[in-house]
$ cat entry_5.tsv   # TSV, C-alpha atoms and all ligand atoms
chain	number	residue	atom	x	y	z
R	10	MET	CA	45.48	-381.58	227.37
R	11	ILE	CA	42.97	-383.86	225.71
R	12	GLN	CA	44.23	-387.12	224.26
R	13	ASN	CA	44.18	-387.29	220.50
R	14	ASP	CA	42.04	-390.39	220.49
R	15	ILE	CA	39.31	-388.53	222.36
R	16	LEU	CA	39.49	-385.66	219.90
R	17	LEU	CA	39.32	-388.13	217.03
R	18	LYS	CA	36.35	-389.84	218.58
R	19	HIS	CA	34.49	-386.55	218.59
R	20	LEU	CA	35.58	-385.80	215.08
R	21	SER	CA	34.32	-389.15	213.91
R	22	THR	CA	30.80	-387.83	214.45
R	23	VAL	CA	31.37	-385.28	211.67
R	24	PHE	CA	30.19	-386.65	208.35
R	25	ASP	CA	31.06	-385.65	204.86
R	26	PRO	CA	27.48	-385.57	203.57
R	27	GLU	CA	28.50	-386.17	199.98
R	28	LEU	CA	30.72	-389.15	200.65
R	29	GLY	CA	28.44	-390.60	203.31
R	30	ALA	CA	31.21	-391.42	205.79
R	31	ASN	CA	32.86	-389.67	208.70
R	32	ILE	CA	35.90	-387.48	208.21
R	33	VAL	CA	38.15	-389.64	210.39
R	34	GLU	CA	37.46	-392.89	208.56
R	35	LEU	CA	37.87	-391.05	205.28
R	36	GLY	CA	41.38	-390.12	206.40
R	37	MET	CA	40.73	-386.40	206.20
R	38	ILE	CA	42.38	-385.52	209.51
R	39	LYS	CA	46.05	-385.23	208.72
R	40	ASP	CA	47.24	-383.72	211.97
R	41	ILE	CA	45.74	-382.75	215.29
R	42	GLN	CA	47.22	-380.89	218.28
R	43	HIS	CA	45.77	-379.59	221.47
R	44	THR	CA	47.60	-376.84	223.31
R	45	ASP	CA	46.08	-374.64	225.98
R	46	LYS	CA	42.54	-374.17	224.90
R	47	THR	CA	43.15	-374.46	221.18
R	48	VAL	CA	42.82	-377.45	218.88
R	49	LYS	CA	44.72	-377.18	215.62
R	50	ILE	CA	43.66	-379.48	212.83
R	51	LYS	CA	44.97	-380.13	209.36
R	52	LEU	CA	42.00	-381.16	207.28
R	53	ALA	CA	42.52	-382.65	203.83
R	54	LEU	CA	39.51	-382.31	201.56
R	55	THR	CA	39.11	-384.04	198.20
R	56	ILE	CA	39.53	-380.63	196.60
R	57	ALA	CA	40.34	-377.42	198.46
R	58	ASP	CA	37.19	-375.60	197.33
R	59	CYS	CA	34.96	-378.55	198.10
R	60	PRO	CA	31.34	-377.29	198.26
R	61	MET	CA	30.91	-379.01	201.63
R	62	ARG	CA	33.88	-377.20	203.14
R	63	ASN	CA	31.92	-374.66	205.21
R	64	GLN	CA	29.54	-377.24	206.52
R	65	ILE	CA	32.38	-379.57	207.58
R	66	GLU	CA	34.30	-376.74	209.24
R	67	THR	CA	31.23	-375.56	211.16
R	68	GLU	CA	30.53	-379.08	212.34
R	69	ILE	CA	34.12	-379.63	213.47
R	70	ASN	CA	33.98	-376.39	215.43
R	71	ARG	CA	30.69	-377.25	217.02
R	72	LYS	CA	31.68	-380.77	218.00
R	73	LEU	CA	35.07	-379.90	219.45
R	74	LYS	CA	33.80	-376.94	221.41
R	75	LEU	CA	31.50	-379.29	223.25
R	76	LEU	CA	34.64	-380.55	224.97
R	77	GLU	CA	35.85	-378.94	228.13
R	78	ASN	CA	39.08	-377.01	227.65
R	79	VAL	CA	38.47	-376.31	223.98
R	80	GLU	CA	37.74	-372.72	223.21
R	81	ASN	CA	39.39	-372.24	219.85
R	82	VAL	CA	39.55	-374.47	216.83
R	83	GLU	CA	41.98	-373.64	214.05
R	84	ILE	CA	41.51	-375.55	210.85
R	85	THR	CA	44.02	-375.55	208.04
R	86	ILE	CA	42.57	-376.89	204.81
R	87	THR	CA	44.67	-378.77	202.31
R	88	ALA	CA	43.69	-380.65	199.17
R	89	MET	CA	44.29	-384.39	199.03
R	90	ASP	CA	46.82	-385.76	196.63
R	91	GLN	CA	45.88	-388.33	194.01
R	92	LYS	CA	46.83	-391.27	196.26
R	93	ASP	CA	44.67	-390.06	199.14
R	94	ARG	CA	41.79	-389.34	196.81
R	95	THR	CA	41.94	-392.87	195.45
R	96	ALA	CA	41.91	-394.27	198.98
R	97	VAL	CA	38.95	-392.10	199.96
R	98	MET	CA	37.15	-393.15	196.82
R	99	GLU	CA	37.59	-396.81	197.76
R	100	LYS	CA	36.15	-396.20	201.23
R	101	ALA	CA	33.27	-394.12	199.95
R	102	ARG	CA	32.40	-396.73	197.35
R	103	LYS	CA	32.40	-399.42	199.96
R	104	LYS	CA	30.09	-397.31	202.09
R	105	ALA	CA	27.79	-396.67	199.13
R	106	ARG	CA	27.55	-400.42	198.54
R	107	GLU	CA	26.87	-401.13	202.19
R	108	ASN	CA	24.28	-398.38	202.50
R	109	ALA	CA	22.45	-398.94	199.25
R	110	GLN	CA	18.88	-399.99	199.80
R	111	PRO	CA	18.26	-403.56	198.77
R	112	THR	CA	16.39	-403.40	195.50
R	113	ASN	CA	15.47	-406.13	193.12
R	114	VAL	CA	17.65	-404.60	190.43
R	115	ASP	CA	20.90	-406.47	189.90
R	116	PRO	CA	23.96	-404.29	190.60
R	117	ARG	CA	25.26	-405.31	187.19
R	118	THR	CA	22.27	-403.83	185.39
R	119	ARG	CA	23.08	-400.61	183.59
R	120	VAL	CA	20.45	-398.20	184.83
R	121	ILE	CA	19.76	-395.27	182.54
R	122	ALA	CA	17.28	-392.69	183.79
R	123	ILE	CA	15.86	-390.35	181.17
R	124	GLY	CA	14.95	-386.92	182.45
R	125	SER	CA	13.86	-383.53	181.18
R	126	GLY	CA	13.31	-380.08	182.60
R	127	LYS	CA	9.69	-379.93	181.51
R	128	GLY	CA	6.98	-382.05	179.92
R	129	GLY	CA	6.25	-382.33	176.22
R	130	VAL	CA	9.84	-382.61	174.99
R	131	GLY	CA	9.44	-386.25	173.92
R	132	LYS	CA	11.01	-387.89	176.96
R	133	SER	CA	8.50	-390.76	177.14
R	134	THR	CA	8.51	-391.25	173.38
R	135	LEU	CA	12.28	-391.59	173.35
R	136	SER	CA	12.38	-393.73	176.52
R	137	ALA	CA	9.92	-396.17	174.95
R	138	ASN	CA	11.86	-396.33	171.69
R	139	ILE	CA	15.26	-396.67	173.36
R	140	ALA	CA	14.08	-399.47	175.66
R	141	LEU	CA	12.33	-401.28	172.83
R	142	GLY	CA	15.31	-400.79	170.53
R	143	LEU	CA	17.76	-402.24	173.06
R	144	ALA	CA	15.42	-405.18	173.66
R	145	LYS	CA	15.20	-405.77	169.90
R	146	LYS	CA	18.98	-405.90	169.78
R	147	GLY	CA	18.78	-408.86	172.15
R	148	PHE	CA	19.48	-407.12	175.45
R	149	GLN	CA	17.32	-408.03	178.43
R	150	THR	CA	15.78	-404.64	179.07
R	151	GLY	CA	13.46	-403.20	181.68
R	152	LEU	CA	11.40	-400.06	181.19
R	153	LEU	CA	10.22	-398.42	184.37
R	154	ASP	CA	7.66	-395.68	183.92
R	155	ALA	CA	8.52	-393.54	186.94
R	156	ASP	CA	6.13	-390.84	185.85
R	157	ILE	CA	3.74	-392.19	188.44
R	158	TRP	CA	0.73	-390.01	187.65
R	159	GLY	CA	1.67	-388.74	184.23
R	160	PHE	CA	2.28	-392.24	182.87
R	161	SER	CA	2.17	-392.67	179.12
R	162	ILE	CA	4.37	-395.70	178.50
R	163	PRO	CA	1.50	-398.24	178.22
R	164	ARG	CA	-0.23	-396.09	175.60
R	165	LEU	CA	3.01	-395.48	173.69
R	166	LEU	CA	3.75	-399.20	173.58
R	167	GLY	CA	0.14	-400.07	172.76
R	168	ILE	CA	-0.23	-402.28	175.84
R	169	SER	CA	-3.01	-402.45	178.38
R	170	GLY	CA	-4.10	-404.76	181.12
R	171	ARG	CA	-3.01	-405.37	184.60
R	172	ILE	CA	0.21	-406.83	185.80
R	173	GLU	CA	0.07	-409.71	188.24
R	174	ALA	CA	2.00	-410.82	191.26
R	175	ASN	CA	3.85	-414.10	191.78
R	176	SER	CA	3.65	-416.30	194.86
R	177	ASP	CA	6.30	-414.13	196.61
R	178	LYS	CA	4.05	-411.10	196.10
R	179	LYS	CA	6.48	-409.65	193.59
R	180	MET	CA	4.92	-407.85	190.63
R	181	ILE	CA	5.56	-409.53	187.30
R	182	PRO	CA	6.32	-406.93	184.64
R	183	TYR	CA	4.39	-406.87	181.36
R	184	THR	CA	6.65	-408.61	178.87
R	185	ILE	CA	7.09	-407.96	175.15
R	186	GLY	CA	9.97	-410.08	173.82
R	187	ASN	CA	13.09	-409.06	175.76
R	188	LEU	CA	11.35	-406.00	177.20
R	189	LYS	CA	9.80	-405.92	180.67
R	190	VAL	CA	7.54	-402.97	181.44
R	191	ILE	CA	6.27	-401.56	184.72
R	192	SER	CA	3.97	-398.55	184.91
R	193	THR	CA	1.28	-397.30	187.26
R	194	GLY	CA	-0.88	-397.42	184.15
R	195	LEU	CA	-0.61	-401.22	184.25
R	196	ILE	CA	-1.62	-401.42	187.87
R	197	THR	CA	-4.66	-399.30	187.92
R	198	SER	CA	-7.12	-397.95	185.45
R	199	ASN	CA	-9.70	-397.40	188.08
R	200	GLU	CA	-10.06	-394.00	189.78
R	201	ASP	CA	-10.59	-395.43	193.27
R	202	THR	CA	-7.38	-397.39	193.30
R	203	ALA	CA	-5.70	-394.41	191.73
R	204	LEU	CA	-6.79	-392.27	194.65
R	205	MET	CA	-5.43	-394.80	197.07
R	206	TRP	CA	-2.05	-394.68	195.36
R	207	ARG	CA	-2.11	-390.93	195.30
R	208	GLY	CA	-1.77	-390.97	199.08
R	209	LEU	CA	1.64	-392.56	198.80
R	210	MET	CA	4.75	-390.52	198.53
R	211	LEU	CA	6.03	-390.62	194.98
R	212	SER	CA	9.46	-391.77	196.09
R	213	LYS	CA	7.77	-394.64	197.92
R	214	ALA	CA	6.13	-395.69	194.66
R	215	LEU	CA	9.50	-395.69	192.95
R	216	GLU	CA	10.94	-397.73	195.79
R	217	GLN	CA	8.18	-400.29	195.33
R	218	PHE	CA	8.84	-400.50	191.62
R	219	LEU	CA	12.48	-401.21	192.37
R	220	THR	CA	12.05	-403.63	195.26
R	221	ASP	CA	8.74	-405.38	194.65
R	222	VAL	CA	9.08	-406.13	190.96
R	223	GLN	CA	10.51	-409.36	189.66
R	224	TRP	CA	12.96	-407.71	187.25
R	225	GLU	CA	15.31	-410.70	187.04
R	226	ASP	CA	18.64	-410.28	185.27
R	227	LEU	CA	18.55	-407.19	183.13
R	228	ASP	CA	21.26	-405.77	180.89
R	229	TYR	CA	19.55	-402.37	180.91
R	230	LEU	CA	16.91	-400.69	182.99
R	231	ILE	CA	15.55	-397.57	181.35
R	232	ILE	CA	13.69	-395.26	183.71
R	233	ASP	CA	11.30	-392.70	182.26
R	234	LEU	CA	11.44	-390.00	184.94
R	235	PRO	CA	8.70	-387.46	185.50
R	236	PRO	CA	9.68	-384.01	184.20
R	237	GLY	CA	11.50	-381.63	186.52
R	238	THR	CA	13.44	-382.14	189.72
R	239	GLY	CA	10.98	-383.56	192.22
R	240	ASP	CA	10.90	-386.36	194.78
R	241	ILE	CA	11.56	-389.16	192.33
R	242	GLN	CA	14.69	-387.63	190.86
R	243	MET	CA	16.01	-386.99	194.35
R	244	ALA	CA	15.25	-390.54	195.51
R	245	LEU	CA	16.94	-392.15	192.55
R	246	SER	CA	20.55	-392.02	193.69
R	247	ARG	CA	19.57	-393.14	197.18
R	248	LEU	CA	17.65	-396.14	195.86
R	249	LEU	CA	19.81	-397.09	192.91
R	250	PRO	CA	23.43	-396.02	193.30
R	251	GLN	CA	24.25	-397.30	189.84
R	252	ALA	CA	21.74	-395.00	188.10
R	253	GLU	CA	23.04	-392.64	185.44
R	254	LEU	CA	21.15	-389.93	183.60
R	255	ILE	CA	20.44	-388.83	180.05
R	256	VAL	CA	18.83	-385.41	179.71
R	257	ILE	CA	16.41	-384.60	176.90
R	258	THR	CA	16.04	-381.07	175.69
R	259	THR	CA	14.56	-379.29	172.70
R	260	PRO	CA	16.71	-376.83	170.74
R	261	GLN	CA	15.33	-373.58	172.19
R	262	LEU	CA	17.62	-371.74	174.53
R	263	MET	CA	14.87	-371.49	177.14
R	264	ALA	CA	14.29	-375.25	177.08
R	265	GLN	CA	17.98	-375.82	177.56
R	266	LYS	CA	17.94	-373.56	180.62
R	267	VAL	CA	15.18	-375.64	182.18
R	268	ALA	CA	17.06	-378.85	181.35
R	269	THR	CA	20.12	-377.40	183.09
R	270	ARG	CA	18.27	-377.68	186.40
R	271	VAL	CA	17.90	-381.43	185.98
R	272	ALA	CA	21.56	-381.82	185.11
R	273	ASP	CA	22.53	-379.67	188.11
R	274	MET	CA	20.36	-381.75	190.39
R	275	ALA	CA	22.02	-384.90	189.09
R	276	LYS	CA	25.48	-383.54	189.78
R	277	ARG	CA	24.51	-382.59	193.30
R	278	SER	CA	23.12	-386.08	193.92
R	279	PHE	CA	26.18	-387.78	192.38
R	280	ILE	CA	24.20	-389.20	189.49
R	281	PRO	CA	26.62	-389.29	186.57
R	282	LEU	CA	25.41	-387.56	183.43
R	283	LEU	CA	25.72	-389.80	180.41
R	284	GLY	CA	24.72	-387.35	177.73
R	285	VAL	CA	22.15	-385.14	176.12
R	286	ILE	CA	19.57	-385.92	173.46
R	287	GLU	CA	18.15	-383.02	171.54
R	288	ASN	CA	14.63	-383.81	170.36
R	289	MET	CA	12.51	-381.97	167.81
R	290	SER	CA	15.80	-380.57	166.51
R	291	TYR	CA	14.69	-379.65	163.01
R	292	PHE	CA	12.20	-380.53	160.32
R	293	GLU	CA	13.51	-382.14	157.15
R	294	SER	CA	11.48	-381.75	153.96
R	295	ASN	CA	11.16	-384.40	151.24
R	296	THR	CA	13.95	-382.67	149.37
R	297	GLY	CA	16.27	-382.91	152.36
R	298	GLU	CA	16.04	-379.26	153.29
R	299	LYS	CA	16.29	-378.66	157.04
R	300	PHE	CA	14.25	-376.09	158.98
R	301	ASN	CA	15.13	-375.18	162.54
R	302	ILE	CA	11.56	-374.68	163.65
R	303	PHE	CA	12.31	-374.44	167.36
R	304	GLY	CA	15.58	-372.55	167.04
R	305	GLU	CA	18.89	-374.27	167.44
R	306	GLY	CA	21.81	-374.90	169.74
R	307	GLY	CA	20.05	-376.10	172.92
R	308	GLY	CA	21.52	-379.60	172.83
R	309	GLU	CA	25.06	-378.41	172.07
R	310	ALA	CA	24.87	-375.72	174.76
R	311	LEU	CA	23.83	-378.25	177.37
R	312	SER	CA	26.43	-380.79	176.36
R	313	ASP	CA	29.17	-378.09	176.41
R	314	LYS	CA	28.07	-376.78	179.76
R	315	PHE	CA	28.32	-380.16	181.44
R	316	GLY	CA	31.09	-381.64	179.30
R	317	ILE	CA	28.95	-384.59	178.25
R	318	PRO	CA	28.26	-385.99	174.77
R	319	LEU	CA	25.35	-385.03	172.57
R	320	LEU	CA	24.07	-388.56	171.91
R	321	GLY	CA	21.63	-387.65	169.15
R	322	LYS	CA	19.59	-384.98	167.42
R	323	ILE	CA	16.14	-386.25	166.60
R	324	PRO	CA	14.20	-384.39	163.91
R	325	ILE	CA	10.52	-383.57	164.10
R	326	GLY	CA	8.39	-386.39	162.72
R	327	GLU	CA	5.53	-385.38	160.49
R	328	ASN	CA	2.62	-387.80	160.61
R	329	THR	CA	4.43	-390.64	162.26
R	330	ASN	CA	3.97	-389.27	165.76
R	331	ASP	CA	0.18	-389.61	165.65
R	332	ILE	CA	0.71	-393.30	165.00
R	333	ALA	CA	3.36	-393.38	167.73
R	334	ASP	CA	1.02	-391.75	170.23
R	335	SER	CA	-1.56	-394.44	169.65
R	336	GLY	CA	0.72	-397.37	170.31
R	337	THR	CA	3.16	-398.09	167.50
R	338	PRO	CA	6.57	-396.75	168.52
R	339	LEU	CA	8.53	-395.07	165.73
R	340	ILE	CA	11.10	-397.84	165.49
R	341	ASN	CA	8.30	-400.35	164.88
R	342	GLN	CA	6.71	-398.34	162.08
R	343	GLU	CA	7.14	-399.34	158.47
R	344	ASN	CA	7.70	-395.83	157.23
R	345	ASN	CA	11.44	-395.16	157.25
R	346	SER	CA	11.08	-391.53	158.27
R	347	VAL	CA	14.17	-389.44	159.06
R	348	THR	CA	12.96	-389.37	162.66
R	349	LYS	CA	12.94	-393.17	162.79
R	350	VAL	CA	16.39	-393.36	161.20
R	351	GLU	CA	17.84	-390.89	163.71
R	352	ILE	CA	16.25	-392.72	166.65
R	353	GLU	CA	17.79	-395.98	165.42
R	354	LYS	CA	21.19	-394.27	165.22
R	355	LEU	CA	20.69	-393.01	168.76
R	356	ILE	CA	19.93	-396.53	170.02
R	357	ASN	CA	23.07	-397.87	168.31
R	358	ASN	CA	25.03	-395.05	169.86
R	359	ILE	CA	23.75	-395.95	173.32
R	360	ALA	CA	24.47	-399.65	172.86
R	361	ILE	CA	28.05	-398.86	171.76
R	362	LYS	CA	28.90	-396.05	174.18
R	363	LEU	CA	27.04	-397.48	177.15
R	364	PRO	CA	27.32	-401.24	176.78
R	365	PRO	CA	25.82	-403.45	179.48
R	366	ILE	CA	27.91	-403.78	182.58
R	367	ILE	CA	29.06	-407.35	182.40
R	368	ASP	CA	31.42	-407.76	185.26
R	369	GLU	CA	31.33	-404.65	187.35
R	370	THR	CA	30.69	-405.48	190.96
R	371	CYS	CA	30.61	-401.95	192.29
R	372	THR	CA	28.70	-398.94	191.18
R	373	GLY	CA	31.48	-396.93	189.63
R	374	ARG	CA	29.39	-393.88	190.49
R	375	LEU	CA	31.87	-392.34	192.89
R	376	ALA	CA	34.76	-393.42	190.72
R	377	LYS	CA	33.40	-391.18	188.02
R	378	VAL	CA	32.91	-388.31	190.42
R	379	PHE	CA	36.50	-388.59	191.51
R	380	GLU	CA	37.72	-388.88	187.99
R	381	GLU	CA	35.93	-385.62	187.31
R	382	LEU	CA	37.37	-384.05	190.42
R	383	SER	CA	40.89	-385.05	189.57
R	384	ASN	CA	40.53	-383.59	186.09
R	385	GLN	CA	39.56	-380.20	187.46
O	1	LIG	P1	7.18	-385.99	177.44
O	1	LIG	O1	7.36	-387.40	177.89
O	1	LIG	O2	8.46	-385.20	177.44
O	1	LIG	O3	6.07	-385.27	178.12
O	1	LIG	P2	6.07	-387.15	175.03
O	1	LIG	O4	7.01	-388.25	174.72
O	1	LIG	O5	4.76	-387.51	175.65
O	1	LIG	O6	6.77	-386.03	175.89
O	1	LIG	O7	5.85	-386.34	173.69
O	1	LIG	C1	5.00	-385.21	173.63
O	1	LIG	C2	4.39	-385.14	172.24
O	1	LIG	O8	5.41	-384.82	171.30
O	1	LIG	C3	3.77	-386.45	171.76
O	1	LIG	O9	2.63	-386.16	171.02
O	1	LIG	C4	4.84	-387.04	170.87
O	1	LIG	O10	4.36	-387.90	169.86
O	1	LIG	C5	5.44	-385.80	170.27
O	1	LIG	N1	6.83	-385.97	169.83
O	1	LIG	C6	7.85	-386.47	170.56
O	1	LIG	N2	8.98	-386.48	169.83
O	1	LIG	C7	8.66	-385.97	168.61
O	1	LIG	C8	9.39	-385.73	167.41
O	1	LIG	N3	10.70	-385.98	167.31
O	1	LIG	N4	8.71	-385.21	166.37
O	1	LIG	C9	7.39	-384.93	166.46
O	1	LIG	N5	6.66	-385.13	167.56
O	1	LIG	C10	7.27	-385.65	168.63

$ encode --input "entry_5.tsv" --output "structure tokens" --more "lines below"
Ligand code: ADP
Amino acid sequence: MIQNDILLKHLSTVFDPELGANIVELGMIKDIQHTDKTVKIKLALTIADCPMRNQIETEINRKLKLLENVENVEITITAMDQKDRTAVMEKARKKARENAQPTNVDPRTRVIAIGSGKGGVGKSTLSANIALGLAKKGFQTGLLDADIWGFSIPRLLGISGRIEANSDKKMIPYTIGNLKVISTGLITSNEDTALMWRGLMLSKALEQFLTDVQWEDLDYLIIDLPPGTGDIQMALSRLLPQAELIVITTPQLMAQKVATRVADMAKRSFIPLLGVIENMSYFESNTGEKFNIFGEGGGEALSDKFGIPLLGKIPIGENTNDIADSGTPLINQENNSVTKVEIEKLINNIAIKLPPIIDETCTGRLAKVFEELSNQ
């Protein structure tokens, strides 16, 4: 008969990939017995139909059968109770903190990534306005243009020039009042350097923007993600465990389907979803009549599907967007268009619902996941 501590030692090489720790230290092994050539295990998962269940079971089987005298492995799955789940959450959070890559972004900065399923839905326009709006409210705000090759933030903010480095070789962001901006567009305007950068993996570029930039103490960091679900989106939770996501969609049902992929990706990577913004929702005439030019319902459908709030519905701007595209963001324009008014409401909504993290020392990311799990 094999001693339990030897069995446990083998089992401690089985990792729960989502929680980033081994199943023994997570307290998932509730009972273990070895009789004849069979090992019987009681395995407690966070929820019984945990998506990682098959993978964990296969791994347990594989690892234990490496031992002499083990031919059968019988696993009984149970679901953890609330107390166990809380304990696991604590351990997993601690792990997440220990394993997080050192970035130059303070753990108390509220990081809001803004994503979309496809281009052209107004993601950069809204990112620029939200970041600027929060900065104008007095919050120290960073705006990271993570759309490495499709950058448009410098143009949307009407800024140009090259950012410089300090004596520690950290990049100094372009600063407008309380807003600090980093974009590939501020590093290179020259094709040759652009080509050099193109050789880098996109996630590496994001990592540089997080580690080699002198962000200092920020209340908010707004990240304008490239459209879709590529490298950068995947790298985000690894690099910045405190990142959370807002998804932008337009009202068409098809657009909402594409946006669903981004939200799904976020869930899989444990990036909490903060809410949905529906852009280009409707056109409002001078007389206040509303026309649903691009259909309707996309924003609501997405928010219902993921159980997250619809943070705003931004109407189609008429002429104002030409001015916006050439460097005067909507919230800085004199014309009080309905689009501007709705964007201002959205910014207020964000500042109220997602206030800066003042005193949170841990990410809260897994806490939210577990809250969700325990509500299921
Ligand atoms: P994305 O970042 O999703 O590719 P952009 O922010 O570059 O999209 O916006 C695409 C185009 O749509 C731009 O010309 C922009 O001015 C315009 N646009 C964005 N939001 C609106 C809106 N609410 N009304 C009218 N035009 C808009």

$ axis_aligned_box --input "entry_5.tsv" --around "range 283-289 of chain R" --padding-each-side "3 Å" --output "JSON"
{"center_x": 19.1, "center_y": -385.9, "center_z": 174.1, "size_x": 19.2, "size_y": 13.8, "size_z": 18.6}

$ atom_distance --input "entry_5.tsv" --atom1 "CA of Glu287 in chain R" --atom2 "CA of Asn357 in chain R"
16.0 Å

$ residues_around --input "entry_5.tsv" --residues "range 213-221 of chain R" --least-positions-apart "2" --cutoff "8 Å" --atoms "all atoms listed in the file" --output "list in words"
Pro111, Thr112, Asn113, Val114, Leu153, Ala155, Ile157, Lys178, Lys179, Met180, Ile191, Leu209, Met210, Leu211, Gln223, Ile241 and Leu248 of chain R

$ residues_around --input "entry_5.tsv" --residues "Asp90 in chain R" --least-positions-apart "2" --cutoff "10 Å" --atoms "only C-alpha atoms" --output "ChimeraX atom specification"
/R:53-56,87-88,92-95,383

$ closest_residue --input "entry_5.tsv" --among "R:Gly128, R:Pro236, R:Gly151, R:Gly170" --to "ligand LIG 1 (chain O)" --atoms "all atoms listed in the file"
R:Gly128

$ atom_distance --input "entry_5.tsv" --atom1 "atom C7 of ligand LIG 1 (chain O)" --atom2 "CA of Ala268 in chain R"
16.8 Å

$ atom_distance --input "entry_5.tsv" --atom1 "CA of Asn341 in chain R" --atom2 "atom C1 of ligand LIG 1 (chain O)"
17.8 Å
